[in-house]
$ cat input-v7.tsv   # TSV, C-alpha atoms
chain	number	residue	atom	x	y	z
A	851	MET	CA	27.87	-9.51	-18.42
A	852	SER	CA	29.69	-12.75	-19.07
A	853	SER	CA	30.51	-13.72	-22.61
A	854	GLU	CA	32.80	-15.78	-24.80
A	855	LEU	CA	35.85	-14.35	-26.52
A	856	ARG	CA	35.70	-13.22	-30.13
A	857	LEU	CA	38.75	-12.23	-32.15
A	858	PHE	CA	38.53	-10.18	-35.33
A	859	TYR	CA	41.22	-10.29	-38.02
A	860	VAL	CA	41.11	-6.89	-39.75
A	861	PRO	CA	43.67	-5.66	-42.33
A	862	VAL	CA	43.92	-1.89	-42.86
A	863	SER	CA	46.05	0.44	-44.97
A	864	SER	CA	48.45	1.82	-42.34
A	865	GLN	CA	49.50	1.80	-38.70
A	866	ASP	CA	48.05	5.28	-38.28
A	867	LYS	CA	44.66	4.10	-39.53
A	868	ALA	CA	44.86	1.00	-37.31
A	869	LYS	CA	45.66	3.13	-34.24
A	870	GLU	CA	42.83	5.54	-35.09
A	871	MET	CA	40.30	2.73	-35.49
A	872	ALA	CA	41.47	0.84	-32.40
A	873	SER	CA	41.33	3.99	-30.26
A	874	LEU	CA	37.78	4.70	-31.42
A	875	LEU	CA	36.64	1.12	-30.76
A	876	LEU	CA	38.24	1.17	-27.30
A	877	LYS	CA	36.58	4.49	-26.49
A	878	GLU	CA	33.21	3.01	-27.51
A	879	ASN	CA	33.83	-0.10	-25.33
A	880	LEU	CA	33.48	-2.39	-28.34
A	881	ILE	CA	36.89	-4.02	-27.84
A	882	ALA	CA	39.08	-4.83	-24.86
A	883	CYS	CA	42.29	-4.42	-26.83
A	884	ALA	CA	43.86	-4.46	-30.28
A	885	ASN	CA	47.10	-5.99	-31.43
A	886	ILE	CA	48.53	-4.09	-34.40
A	887	PHE	CA	51.16	-5.93	-36.40
A	888	GLN	CA	53.98	-4.54	-38.49
A	889	PRO	CA	53.26	-3.72	-42.12
A	890	HIS	CA	53.36	-6.65	-44.51
A	891	LEU	CA	52.88	-7.09	-48.22
A	892	ALA	CA	49.42	-7.94	-49.56
A	893	ILE	CA	49.02	-9.14	-53.15
A	894	TYR	CA	45.46	-9.43	-54.39
A	895	ARG	CA	43.20	-9.02	-57.39
A	896	TRP	CA	40.95	-5.93	-57.36
A	897	GLU	CA	38.74	-4.82	-60.23
A	898	GLY	CA	40.58	-7.06	-62.69
A	899	ARG	CA	44.11	-5.93	-61.73
A	900	VAL	CA	46.72	-7.52	-59.50
A	901	GLU	CA	47.55	-5.06	-56.72
A	902	THR	CA	50.52	-5.05	-54.36
A	903	GLU	CA	50.18	-2.88	-51.25
A	904	ALA	CA	51.48	-2.62	-47.73
A	905	GLU	CA	48.88	-3.45	-45.08
A	906	VAL	CA	48.72	-3.68	-41.31
A	907	VAL	CA	46.71	-6.39	-39.56
A	908	MET	CA	44.78	-5.78	-36.37
A	909	ILE	CA	43.56	-8.53	-34.08
A	910	LEU	CA	40.66	-7.11	-32.07
A	911	LYS	CA	39.49	-8.80	-28.86
A	912	THR	CA	35.90	-8.57	-27.64
A	913	GLY	CA	33.10	-10.69	-26.20
A	914	ASP	CA	30.33	-12.34	-28.16
A	915	ALA	CA	27.81	-9.86	-26.71
A	916	LYS	CA	29.60	-7.01	-28.51
A	917	ALA	CA	30.60	-8.88	-31.69
A	918	GLY	CA	27.56	-7.82	-33.72
A	919	LYS	CA	27.90	-4.13	-32.85
A	920	LEU	CA	31.66	-4.31	-33.50
A	921	LYS	CA	31.06	-5.71	-37.01
A	922	GLU	CA	28.56	-2.93	-37.75
A	923	ARG	CA	30.96	-0.28	-36.50
A	924	LEU	CA	33.88	-1.72	-38.46
A	925	HIS	CA	31.83	-1.48	-41.66
A	926	GLU	CA	31.13	2.18	-40.84
A	927	VAL	CA	34.73	3.23	-40.07
A	928	HIS	CA	36.84	0.93	-42.26
A	929	PRO	CA	38.31	2.79	-45.25
A	930	TYR	CA	38.12	-0.14	-47.70
A	931	ASP	CA	35.20	-0.67	-50.07
A	932	CYS	CA	35.30	-4.39	-49.28
A	933	PRO	CA	36.99	-4.85	-45.89
A	934	CYS	CA	38.18	-8.23	-44.67
A	935	LEU	CA	36.50	-8.75	-41.28
A	936	ILE	CA	37.05	-12.30	-40.08
A	937	GLU	CA	35.48	-13.32	-36.76
A	938	ILE	CA	37.30	-16.10	-34.92
A	939	LYS	CA	35.65	-18.06	-32.11
A	940	PRO	CA	38.35	-19.61	-29.89
A	941	GLU	CA	37.52	-22.97	-28.34
A	942	SER	CA	39.34	-22.26	-25.11
A	943	VAL	CA	40.25	-19.04	-23.27
A	944	ASN	CA	41.69	-18.80	-19.78
A	945	LYS	CA	39.18	-17.51	-17.24
A	946	ASP	CA	41.26	-14.58	-15.93
A	947	PHE	CA	41.77	-13.17	-19.41
A	948	MET	CA	38.09	-13.58	-20.29
A	949	ASN	CA	37.11	-11.81	-17.07
A	950	TRP	CA	39.43	-8.94	-18.00
A	951	VAL	CA	37.94	-8.69	-21.50
A	952	ASN	CA	34.41	-8.61	-20.06
A	953	GLU	CA	35.39	-5.83	-17.64
A	954	GLN	CA	36.80	-3.73	-20.49
A	955	ILE	CA	33.76	-3.92	-22.75
A	956	GLN	CA	31.09	-3.09	-20.18
$ encode --input "input-v7.tsv" --output "structure tokens"
Amino acid sequence: MSSELRLFYVPVSSQDKAKEMASLLLKENLIACANIFQPHLAIYRWEGRVETEAEVVMILKTGDAKAGKLKERLHEVHPYDCPCLIEIKPESVNKDFMNWVNEQIQ
């Protein structure tokens, strides 16, 4: 299976939740890897109030063949009522890395 790289930008509530979700997605072969960033401050409006919370961002790497299933699964396992799931389609990815991603998601 050869495919093009897809990245998903996914904020979650904590590093523990990010690790839990990434481990599950890896186990299900939906992602090749996840980068989990340090907590940062998110300020947003929710249900008419301004909220300030710590969040952790994950960057998930997969192929386009698994992107649809990954989105479905993220909606199932994400703890937020309205999760931010942004799919990014890179214009250029080095061949060796793309081959590695494809091997991981088979």
$ closest_residue --input "input-v7.tsv" --among "A:Cys932, A:Met871, A:Ile881, A:Leu857" --to "Ile955 in chain A" --atoms "only C-alpha atoms"
A:Ile881
$ residues_around --input "input-v7.tsv" --residues "Gln865 in chain A" --least-positions-apart "5" --cutoff "10 Å" --atoms "all atoms listed in the file" --output "list in words"
Glu870, Met871, Ile886, Phe887, Gln888, Pro889, Glu905, Val906, Val907 and Met908 of chain A
$ atom_distance --input "input-v7.tsv" --atom1 "CA of Leu891 in chain A" --atom2 "CA of Val862 in chain A"
11.7 Å
$ closest_residue --input "input-v7.tsv" --among "A:Ile936, A:Val951, A:Val943, A:Ala882" --to "Lys921 in chain A" --atoms "all atoms listed in the file"
A:Ile936
$ residues_around --input "input-v7.tsv" --residues "Glu953 in chain A" --least-positions-apart "2" --cutoff "12 Å" --atoms "all atoms listed in the file" --output "VMD selection string"
chain A and resid 851 to 853 879 to 883 912 to 913 946 to 951 955 to 956
$ write_last_selection --input "input-v7.tsv" --atoms "C-alpha atoms" --output "PDB file, in the frame of the given file"
ATOM      1  CA  MET A 851      27.870  -9.510 -18.420  1.00  0.00           C
ATOM      2  CA  SER A 852      29.690 -12.750 -19.070  1.00  0.00           C
ATOM      3  CA  SER A 853      30.510 -13.720 -22.610  1.00  0.00           C
ATOM      4  CA  ASN A 879      33.830  -0.100 -25.330  1.00  0.00           C
ATOM      5  CA  LEU A 880      33.480  -2.390 -28.340  1.00  0.00           C
ATOM      6  CA  ILE A 881      36.890  -4.020 -27.840  1.00  0.00           C
ATOM      7  CA  ALA A 882      39.080  -4.830 -24.860  1.00  0.00           C
ATOM      8  CA  CYS A 883      42.290  -4.420 -26.830  1.00  0.00           C
ATOM      9  CA  THR A 912      35.900  -8.570 -27.640  1.00  0.00           C
ATOM     10  CA  GLY A 913      33.100 -10.690 -26.200  1.00  0.00           C
ATOM     11  CA  ASP A 946      41.260 -14.580 -15.930  1.00  0.00           C
ATOM     12  CA  PHE A 947      41.770 -13.170 -19.410  1.00  0.00           C
ATOM     13  CA  MET A 948      38.090 -13.580 -20.290  1.00  0.00           C
ATOM     14  CA  ASN A 949      37.110 -11.810 -17.070  1.00  0.00           C
ATOM     15  CA  TRP A 950      39.430  -8.940 -18.000  1.00  0.00           C
ATOM     16  CA  VAL A 951      37.940  -8.690 -21.500  1.00  0.00           C
ATOM     17  CA  ILE A 955      33.760  -3.920 -22.750  1.00  0.00           C
ATOM     18  CA  GLN A 956      31.090  -3.090 -20.180  1.00  0.00           C
TER      19      GLN A 956
END
$ closest_residue --input "input-v7.tsv" --among "A:Glu922, A:Ser864, A:Leu876, A:Ser942" --to "Ala904 in chain A" --atoms "all atoms listed in the file"
A:Ser864
$ closest_residue --input "input-v7.tsv" --among "A:Ala915, A:Arg923, A:Leu910, A:Leu875" --to "Glu937 in chain A" --atoms "all atoms listed in the file"
A:Leu910
$ closest_residue --input "input-v7.tsv" --among "A:Glu878, A:Thr902, A:Leu924, A:Lys911" --to "Asn952 in chain A" --atoms "only C-alpha atoms"
A:Lys911
$ atom_distance --input "input-v7.tsv" --atom1 "CA of Tyr930 in chain A" --atom2 "CA of Ala892 in chain A"
13.9 Å
$ atom_distance --input "input-v7.tsv" --atom1 "CA of Arg856 in chain A" --atom2 "CA of Pro940 in chain A"
6.9 Å
$ closest_residue --input "input-v7.tsv" --among "A:Leu855, A:Val900, A:Ala868, A:Ile893" --to "His928 in chain A" --atoms "all atoms listed in the file"
A:Ala868
$ build_atoms --input "input-v7.tsv" --residues "range 922-933 of chain A" --atoms "all heavy atoms" --output "PDB file, in the frame of the given file"
ATOM      1  N   GLU A 922      29.260  -4.092 -37.169  1.00  0.00           N
ATOM      2  CA  GLU A 922      28.560  -2.930 -37.750  1.00  0.00           C
ATOM      3  C   GLU A 922      29.464  -1.704 -37.756  1.00  0.00           C
ATOM      4  O   GLU A 922      29.567  -0.997 -38.755  1.00  0.00           O
ATOM      5  CB  GLU A 922      27.303  -2.606 -36.944  1.00  0.00           C
ATOM      6  CG  GLU A 922      26.181  -3.575 -37.097  1.00  0.00           C
ATOM      7  CD  GLU A 922      25.015  -3.232 -36.178  1.00  0.00           C
ATOM      8  OE1 GLU A 922      24.887  -2.067 -35.734  1.00  0.00           O
ATOM      9  OE2 GLU A 922      24.222  -4.153 -35.889  1.00  0.00           O
ATOM     10  N   ARG A 923      30.120  -1.468 -36.627  1.00  0.00           N
ATOM     11  CA  ARG A 923      30.960  -0.280 -36.500  1.00  0.00           C
ATOM     12  C   ARG A 923      32.173  -0.368 -37.425  1.00  0.00           C
ATOM     13  O   ARG A 923      32.578   0.640 -38.021  1.00  0.00           O
ATOM     14  CB  ARG A 923      31.405  -0.102 -35.043  1.00  0.00           C
ATOM     15  CG  ARG A 923      31.969   1.226 -34.741  1.00  0.00           C
ATOM     16  CD  ARG A 923      30.879   2.296 -34.830  1.00  0.00           C
ATOM     17  NE  ARG A 923      31.415   3.547 -34.360  1.00  0.00           N
ATOM     18  CZ  ARG A 923      31.482   4.652 -35.107  1.00  0.00           C
ATOM     19  NH1 ARG A 923      31.022   4.660 -36.339  1.00  0.00           N
ATOM     20  NH2 ARG A 923      32.002   5.738 -34.611  1.00  0.00           N
ATOM     21  N   LEU A 924      32.753  -1.549 -37.553  1.00  0.00           N
ATOM     22  CA  LEU A 924      33.880  -1.720 -38.460  1.00  0.00           C
ATOM     23  C   LEU A 924      33.485  -1.396 -39.894  1.00  0.00           C
ATOM     24  O   LEU A 924      34.242  -0.754 -40.622  1.00  0.00           O
ATOM     25  CB  LEU A 924      34.446  -3.137 -38.368  1.00  0.00           C
ATOM     26  CG  LEU A 924      35.310  -3.425 -37.143  1.00  0.00           C
ATOM     27  CD1 LEU A 924      35.546  -4.919 -36.991  1.00  0.00           C
ATOM     28  CD2 LEU A 924      36.624  -2.668 -37.217  1.00  0.00           C
ATOM     29  N   HIS A 925      32.304  -1.814 -40.304  1.00  0.00           N
ATOM     30  CA  HIS A 925      31.830  -1.480 -41.660  1.00  0.00           C
ATOM     31  C   HIS A 925      31.677   0.029 -41.827  1.00  0.00           C
ATOM     32  O   HIS A 925      31.906   0.556 -42.911  1.00  0.00           O
ATOM     33  CB  HIS A 925      30.511  -2.182 -41.959  1.00  0.00           C
ATOM     34  CG  HIS A 925      30.680  -3.592 -42.421  1.00  0.00           C
ATOM     35  ND1 HIS A 925      31.184  -3.923 -43.650  1.00  0.00           N
ATOM     36  CD2 HIS A 925      30.428  -4.764 -41.798  1.00  0.00           C
ATOM     37  CE1 HIS A 925      31.230  -5.240 -43.774  1.00  0.00           C
ATOM     38  NE2 HIS A 925      30.784  -5.771 -42.661  1.00  0.00           N
ATOM     39  N   GLU A 926      31.306   0.724 -40.772  1.00  0.00           N
ATOM     40  CA  GLU A 926      31.130   2.180 -40.840  1.00  0.00           C
ATOM     41  C   GLU A 926      32.460   2.919 -40.924  1.00  0.00           C
ATOM     42  O   GLU A 926      32.568   3.925 -41.618  1.00  0.00           O
ATOM     43  CB  GLU A 926      30.359   2.681 -39.617  1.00  0.00           C
ATOM     44  CG  GLU A 926      28.932   2.217 -39.548  1.00  0.00           C
ATOM     45  CD  GLU A 926      28.262   2.517 -38.220  1.00  0.00           C
ATOM     46  OE1 GLU A 926      28.897   3.103 -37.322  1.00  0.00           O
ATOM     47  OE2 GLU A 926      27.080   2.158 -38.081  1.00  0.00           O
ATOM     48  N   VAL A 927      33.481   2.463 -40.194  1.00  0.00           N
ATOM     49  CA  VAL A 927      34.730   3.230 -40.070  1.00  0.00           C
ATOM     50  C   VAL A 927      35.877   2.706 -40.928  1.00  0.00           C
ATOM     51  O   VAL A 927      36.882   3.400 -41.092  1.00  0.00           O
ATOM     52  CB  VAL A 927      35.190   3.343 -38.596  1.00  0.00           C
ATOM     53  CG1 VAL A 927      34.127   4.013 -37.763  1.00  0.00           C
ATOM     54  CG2 VAL A 927      35.572   1.990 -38.010  1.00  0.00           C
ATOM     55  N   HIS A 928      35.742   1.510 -41.472  1.00  0.00           N
ATOM     56  CA  HIS A 928      36.840   0.930 -42.260  1.00  0.00           C
ATOM     57  C   HIS A 928      36.940   1.667 -43.599  1.00  0.00           C
ATOM     58  O   HIS A 928      35.936   1.908 -44.254  1.00  0.00           O
ATOM     59  CB  HIS A 928      36.614  -0.555 -42.487  1.00  0.00           C
ATOM     60  CG  HIS A 928      37.876  -1.290 -42.804  1.00  0.00           C
ATOM     61  ND1 HIS A 928      38.552  -1.123 -43.992  1.00  0.00           N
ATOM     62  CD2 HIS A 928      38.593  -2.166 -42.074  1.00  0.00           C
ATOM     63  CE1 HIS A 928      39.625  -1.879 -43.988  1.00  0.00           C
ATOM     64  NE2 HIS A 928      39.681  -2.528 -42.837  1.00  0.00           N
ATOM     65  N   PRO A 929      38.160   2.023 -44.020  1.00  0.00           N
ATOM     66  CA  PRO A 929      38.310   2.790 -45.250  1.00  0.00           C
ATOM     67  C   PRO A 929      38.153   1.981 -46.543  1.00  0.00           C
ATOM     68  O   PRO A 929      37.966   2.561 -47.611  1.00  0.00           O
ATOM     69  CB  PRO A 929      39.732   3.344 -45.150  1.00  0.00           C
ATOM     70  CG  PRO A 929      40.466   2.349 -44.304  1.00  0.00           C
ATOM     71  CD  PRO A 929      39.436   1.852 -43.315  1.00  0.00           C
ATOM     72  N   TYR A 930      38.204   0.664 -46.486  1.00  0.00           N
ATOM     73  CA  TYR A 930      38.120  -0.140 -47.700  1.00  0.00           C
ATOM     74  C   TYR A 930      36.677  -0.286 -48.181  1.00  0.00           C
ATOM     75  O   TYR A 930      35.746  -0.340 -47.380  1.00  0.00           O
ATOM     76  CB  TYR A 930      38.681  -1.549 -47.456  1.00  0.00           C
ATOM     77  CG  TYR A 930      40.161  -1.654 -47.212  1.00  0.00           C
ATOM     78  CD1 TYR A 930      40.734  -2.875 -46.921  1.00  0.00           C
ATOM     79  CD2 TYR A 930      41.005  -0.545 -47.255  1.00  0.00           C
ATOM     80  CE1 TYR A 930      42.092  -3.004 -46.693  1.00  0.00           C
ATOM     81  CE2 TYR A 930      42.361  -0.663 -47.024  1.00  0.00           C
ATOM     82  CZ  TYR A 930      42.902  -1.896 -46.743  1.00  0.00           C
ATOM     83  OH  TYR A 930      44.242  -2.022 -46.514  1.00  0.00           O
ATOM     84  N   ASP A 931      36.510  -0.400 -49.498  1.00  0.00           N
ATOM     85  CA  ASP A 931      35.200  -0.670 -50.070  1.00  0.00           C
ATOM     86  C   ASP A 931      34.701  -2.063 -49.691  1.00  0.00           C
ATOM     87  O   ASP A 931      33.511  -2.288 -49.529  1.00  0.00           O
ATOM     88  CB  ASP A 931      35.243  -0.574 -51.600  1.00  0.00           C
ATOM     89  CG  ASP A 931      35.465   0.842 -52.089  1.00  0.00           C
ATOM     90  OD1 ASP A 931      35.141   1.796 -51.350  1.00  0.00           O
ATOM     91  OD2 ASP A 931      35.969   0.998 -53.217  1.00  0.00           O
ATOM     92  N   CYS A 932      35.631  -2.996 -49.590  1.00  0.00           N
ATOM     93  CA  CYS A 932      35.300  -4.390 -49.280  1.00  0.00           C
ATOM     94  C   CYS A 932      36.267  -4.887 -48.203  1.00  0.00           C
ATOM     95  O   CYS A 932      37.216  -5.610 -48.487  1.00  0.00           O
ATOM     96  CB  CYS A 932      35.424  -5.227 -50.559  1.00  0.00           C
ATOM     97  SG  CYS A 932      35.020  -6.954 -50.346  1.00  0.00           S
ATOM     98  N   PRO A 933      36.038  -4.475 -46.936  1.00  0.00           N
ATOM     99  CA  PRO A 933      36.990  -4.850 -45.890  1.00  0.00           C
ATOM    100  C   PRO A 933      36.938  -6.342 -45.547  1.00  0.00           C
ATOM    101  O   PRO A 933      35.881  -6.970 -45.642  1.00  0.00           O
ATOM    102  CB  PRO A 933      36.551  -4.011 -44.692  1.00  0.00           C
ATOM    103  CG  PRO A 933      35.115  -3.736 -44.914  1.00  0.00           C
ATOM    104  CD  PRO A 933      34.934  -3.671 -46.412  1.00  0.00           C
TER     105      PRO A 933
END
